[in-house]
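Visitor: One structure coming up, written as structure tokens, with questions to follow.
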Amino acid sequence: MDLLEVSEPQTSPRFPLPGRPTRPKDNAPEQEGTGIHATNPNQRQIVISKIEAILESIGNSIVNQEKHMIIKLRTRRKAKPQVTNPSTGVTGSLPDDGMRGIKFPSRNPQEAWKFAAILRILELSHEALTSGVVSTKRDIYYRDPELFVKQAVVDRYVEDIAYTLGVERDALNIVAAAKGLVAGSFIITKLSSTVLDYSTEQEGFLVPNLKEISSLELQNVAWVLVIEKEATFRTLSTQSYHQHSLAGRGVILTAKGYPDISTRQFLSYLHSINPQIPVFGLVDFDPDGLGILSTYKYGSAATAHYETSLAVPAIRWLGVKSVDVSPSAVNGGEDGEEGRAKHEEVGLLRLTPRDRRIARGILGRETFDEGGEWRREVQVMLMLGVKAEIQILSQRGGGLERWLDGRLVEELGM
Amino acid sequence: MSKQYLTTHTIDNAHITDIFSLAVTPTQILSASGSSSIKIHSTTTPDHPLVQTITGAHKIGCHHLCTSPSGLFAASVGFGGEVRIWQVDTDTGEWSDAGQVTDQNKAGEIWAIALSEDGQYLASTTYDGRVNVWDLPAAEGGKKIREFETKGSFGLSIALSRDGRFTASGHENGGVYVFNNDTGRMLYSLPSLIKPVRTISFSPAGTRLAAAGDARVIGIYDVQHGEQVALLTGHSAWIFSVDWSDTGEYLLSGSFDGKAKVWSIDTRTCVATHSETDKTLWCVKWLPKTGRSEAFATAGANRSISFYREATGG
């Protein structure tokens, strides 16, 4: 195989696996006109070349009648380097640079299967790149569920391949399935010239894929609020809180728990084009809430190889904080029996051993530096031995909306 | 009858974050906080100057600190669960590292601690409700000599009697357990306060035990048989700390809403309430009695240490 094939608009795999039907070029043409392209044509060409170089070396192995075909894969950096090989599960020795070879054929059937799975993803990514059709990780899985067995396999190898090639996953023209929801006073014009007005949709829209966005226009937005829970997001969106807040108009966003890359990408983009608009986080007062907030702010260990483009260091923690579970906040200044009863009812939960373990881990992170507010909040959480969900704010006088009004107005210095 | 205490001094911003624990010797007050340093202030002069800062004592902060009643040893627990022992040079008053307690101490399992009179023994609670006792010195990690089982509920507080005969622990489920250190057996568990017991303390003579927490009341118990002899009511928020005065006549308490109270054990009433702050008081401590009047210190979320002295001649 020579590199001239790069220019060939061929989408079928060069190395179809035995017994697996070669997929015909089916839906590619009709989508090509929608203007969905990898962001940078040069990068796209480079990635195509890189994938083809891998395929080529495999081809050479066959031509030269070598004993094995080998795919070299670089393992992503782990949060804990001393733990050997927990996430790739790839067998074989691990050289110092994290590069490992996966052979086919192999005496180990597991390794042979991995070879097939990785080759298939390379092939599908190549197809996505040459055809210009963006694929989701979910799509990849459904192209060959028998081979991949489960979604997690695709997720893992897609990330590993991106890391090996030294690019972001999106450069493979593979995106995570959209998980986040967003609502607020803004208008998006897509590359396809479709105009979407997000302020009219009460339920919130799925977070748009950045690659499809031509422009995003905020309309007098004073704040952006990232919410841990979908239920809270829905409560606020159905009441159009983002339009009627005392703190002015805003944008509300949720990734339903730990954020996926597309949600973080969208938030990061939103913030980068409007850096003057403050971004706030509303999460549970528990170690996971802090973990989620921390992922938006600094990133996560799993995707550390392309953190810089996703992190929103400016995000500020709006709540729930320890002050919201303290007696003064709950009693609203009242003393006596009534106040005590209220402090009882707010739904404080005890920390579990798992919570404490995670909290200790969080305290050990460099980003939770001495004298910082976040570190203090985790320590106080451990001292109190309690956690609290966002829902406790709904049980206050005036409910969640009034709490948000007060806190946002205060933070915005209005 | 009420008593009057006057603020004599406040060390503003003694730490850069919440002060979680105080411990005293006849001449000094030690403080631990969410920062990595332990600070030591002198209590022999009215201005309470800073005499030593132990930097890097606990990397991710320190939640419990105690001294042996002899004043020669101190112990501290960090948020990472590590336990460090400190020893004072009696000539210079300077503290130095005297080892870590590591023998059969799983990472992160220790919460509250107490030292015996002479600093020979260290007792601790664990996350799963056990009570452990180590024989020190800790230069070689100490030696675990006792392990008491309770019902598995998080051990929030612990105390040793001054004569070293008893250990008492307070738990998240409201349980209070008293152990005989000589026989290694549990003596009894006390009528439950039902809610988390965050602080527990033996009277100096070892005849009474005080326990308090989220129930907002302070239970006073007879140590020998475990009967409740008094229930002190008046706090309207969780109680984080109680401490007996040198004579055992008064009990000091501090709570979530920033209130410090002094109780007469004799009359079972609150004789003084201080509410200089509405921020959490994590720790309150009597100072060893030096003159005719008694004095105490409070510390917490406002990062300061406040000193109070009984108003005399009034």
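Going through the structure tokens in order, the chains are called A, B, and so on, while each chain numbers its residues from 1 and the ligands are numbered from 1 in the order shown.
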Do you have, as CSV, the list of residues of chain B lying at most 7 Å from chain A, each with its nearest atom pair and that distance in Å to one decimal, counting only C-alpha atoms and ordered by chain then number?

Guide:
residue,atom,partner,partner_atom,distance
B:Ile16,CA,A:Gly371,CA,5.8
B:Thr17,CA,A:Gly371,CA,6.0
B:Gly34,CA,A:Arg376,CA,6.6
B:Ser35,CA,A:Glu370,CA,5.9
B:Ile60,CA,A:Leu363,CA,6.1
B:Phe79,CA,A:Arg360,CA,6.7
B:Gly80,CA,A:Arg360,CA,6.1
B:Ser236,CA,A:Arg340,CA,6.5
B:Ala237,CA,A:Pro327,CA,6.7
B:Asp257,CA,A:Pro327,CA,6.5

Visitor: Save out the residues we just selected, all heavy atoms, as a JSON list (two decimals), in the first residue's frame.

Guide:
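The resulting again_26.json:
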[["chain", "number", "residue", "atom", "x", "y", "z"],
["B", 16, "ILE", "N", -4.70, 30.44, 58.70],
["B", 16, "ILE", "CA", -5.29, 30.99, 57.47],
["B", 16, "ILE", "C", -6.65, 30.39, 57.18],
["B", 16, "ILE", "O", -7.33, 30.80, 56.25],
["B", 16, "ILE", "CB", -4.36, 30.76, 56.25],
["B", 16, "ILE", "CG1", -4.05, 29.27, 56.09],
["B", 16, "ILE", "CG2", -3.08, 31.56, 56.38],
["B", 16, "ILE", "CD1", -3.38, 28.94, 54.76],
["B", 17, "THR", "N", -7.06, 29.41, 57.96],
["B", 17, "THR", "CA", -8.37, 28.79, 57.74],
["B", 17, "THR", "C", -8.92, 28.32, 59.10],
["B", 17, "THR", "O", -8.34, 28.61, 60.13],
["B", 17, "THR", "CB", -8.24, 27.64, 56.71],
["B", 17, "THR", "OG1", -9.52, 27.02, 56.54],
["B", 17, "THR", "CG2", -7.24, 26.59, 57.16],
["B", 34, "GLY", "N", -7.09, 23.71, 59.21],
["B", 34, "GLY", "CA", -7.11, 23.14, 57.87],
["B", 34, "GLY", "C", -5.82, 23.36, 57.11],
["B", 34, "GLY", "O", -5.62, 22.81, 56.04],
["B", 35, "SER", "N", -4.94, 24.18, 57.65],
["B", 35, "SER", "CA", -3.63, 24.38, 57.01],
["B", 35, "SER", "C", -2.68, 23.28, 57.47],
["B", 35, "SER", "O", -3.02, 22.47, 58.34],
["B", 35, "SER", "CB", -3.06, 25.75, 57.38],
["B", 35, "SER", "OG", -2.57, 25.73, 58.70],
["B", 60, "ILE", "N", -2.48, 17.86, 54.35],
["B", 60, "ILE", "CA", -3.82, 18.28, 53.92],
["B", 60, "ILE", "C", -4.68, 18.74, 55.10],
["B", 60, "ILE", "O", -5.90, 18.72, 55.04],
["B", 60, "ILE", "CB", -4.54, 17.19, 53.09],
["B", 60, "ILE", "CG1", -4.63, 15.87, 53.86],
["B", 60, "ILE", "CG2", -3.81, 16.96, 51.78],
["B", 60, "ILE", "CD1", -5.51, 14.83, 53.16],
["B", 79, "PHE", "N", -6.02, 15.06, 58.09],
["B", 79, "PHE", "CA", -7.16, 14.60, 57.28],
["B", 79, "PHE", "C", -6.80, 13.37, 56.46],
["B", 79, "PHE", "O", -7.68, 12.66, 55.98],
["B", 79, "PHE", "CB", -7.67, 15.74, 56.39],
["B", 79, "PHE", "CG", -8.55, 16.70, 57.13],
["B", 79, "PHE", "CD1", -8.03, 17.86, 57.68],
["B", 79, "PHE", "CD2", -9.90, 16.43, 57.29],
["B", 79, "PHE", "CE1", -8.84, 18.74, 58.38],
["B", 79, "PHE", "CE2", -10.72, 17.30, 58.00],
["B", 79, "PHE", "CZ", -10.19, 18.46, 58.54],
["B", 80, "GLY", "N", -5.52, 13.14, 56.26],
["B", 80, "GLY", "CA", -5.11, 11.92, 55.57],
["B", 80, "GLY", "C", -5.13, 10.71, 56.50],
["B", 80, "GLY", "O", -4.90, 9.59, 56.06],
["B", 236, "SER", "N", -28.69, 25.70, 71.28],
["B", 236, "SER", "CA", -29.70, 25.48, 70.24],
["B", 236, "SER", "C", -29.08, 24.96, 68.95],
["B", 236, "SER", "O", -29.74, 24.91, 67.92],
["B", 236, "SER", "CB", -30.48, 26.77, 69.99],
["B", 236, "SER", "OG", -29.60, 27.82, 69.72],
["B", 237, "ALA", "N", -27.81, 24.60, 69.00],
["B", 237, "ALA", "CA", -27.16, 24.01, 67.82],
["B", 237, "ALA", "C", -26.25, 22.88, 68.26],
["B", 237, "ALA", "O", -26.01, 22.69, 69.46],
["B", 237, "ALA", "CB", -26.36, 25.07, 67.06],
["B", 257, "ASP", "N", -23.33, 27.25, 66.27],
["B", 257, "ASP", "CA", -23.77, 28.62, 66.03],
["B", 257, "ASP", "C", -22.87, 29.65, 66.71],
["B", 257, "ASP", "O", -23.23, 30.82, 66.87],
["B", 257, "ASP", "CB", -25.23, 28.81, 66.48],
["B", 257, "ASP", "CG", -25.45, 28.40, 67.94],
["B", 257, "ASP", "OD1", -24.45, 28.03, 68.61],
["B", 257, "ASP", "OD2", -26.60, 28.46, 68.41]]

Visitor: Report the residues of segment 122-210 of chain B whose backbone DSSP state falls under strand (DSSP E), written as a PyMOL selection string.

Guide: chain B and resi 122-126+131-135+143-148+155-160+166-171+176-180+185-189+197-202+208-210

Visitor: Separation of atom CA of Phe166 of chain B and atom CA of Gly129 of chain B, in Å?

Guide: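 Computed distance, atom CA of Phe166 of chain B to atom CA of Gly129 of chain B, equals 17.2 Å.
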
Visitor: Within 9 Å of Val24 of chain B, counting only C-alpha atoms, which residues qualify if same-chain residues fewer than 2 places away don't, as a ChimeraX atom specification?

Guide: /B:22,26-31,66-69,71,285-288

Visitor: To one decimal place in Å, what is the distance between atom CA of Gln100 of chain B and atom CA of Gly164 of chain B?

Guide: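 Between these atoms lies a distance of 21.6 Å.
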
Visitor: Tell me which protein, DNA and RNA residues are within 10 Å of Thr164 of chain A, counting only C-alpha atoms, leaving out same-chain ones fewer than 6 positions away, and put them as a count of residues only.

Guide: 8

Visitor: Between B:Lys143, B:Arg162, B:Arg198, B:His235, which has the minimum distance to Cys283 of chain B (counting only C-alpha atoms)?

Guide: B:Arg198

Visitor: Smallest atom-to-atom distance to Ala74 of chain B: which of B:Ala32, B:Ala215, B:Leu251, B:Leu50, using only C-alpha atoms?

Guide: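 Between B:Ala32, B:Ala215, B:Leu251, B:Leu50, the residue approaching Ala74 of chain B most closely is B:Ala32.
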
Visitor: Which residues are near Ser304 of chain B? Cut-off 10 Å, only C-alpha atoms, ignore same chain within fewer than 2 positions. Put them as a ChimeraX atom specification.

Guide: /B:10-19,298-302,306-307

Visitor: Determine which residues of segment 70-299 of chain A receive a DSSP assignment of alpha helix (DSSP H), computed from the backbone, and state them as a ChimeraX atom specification.

Guide: /A:109-131,137-143,145-148,151-165,230-238,241-244,261-273,287-298

Visitor: Considering only C-alpha atoms, return as a PyMOL selection string whatever protein or nucleic-acid residues lie within 6 Å of segment 212-228 of chain A, sequence-local ones (same chain, fewer than 4 positions apart) excluded.

Guide: chain A and resi 185-191+248-254+256-257+277-283
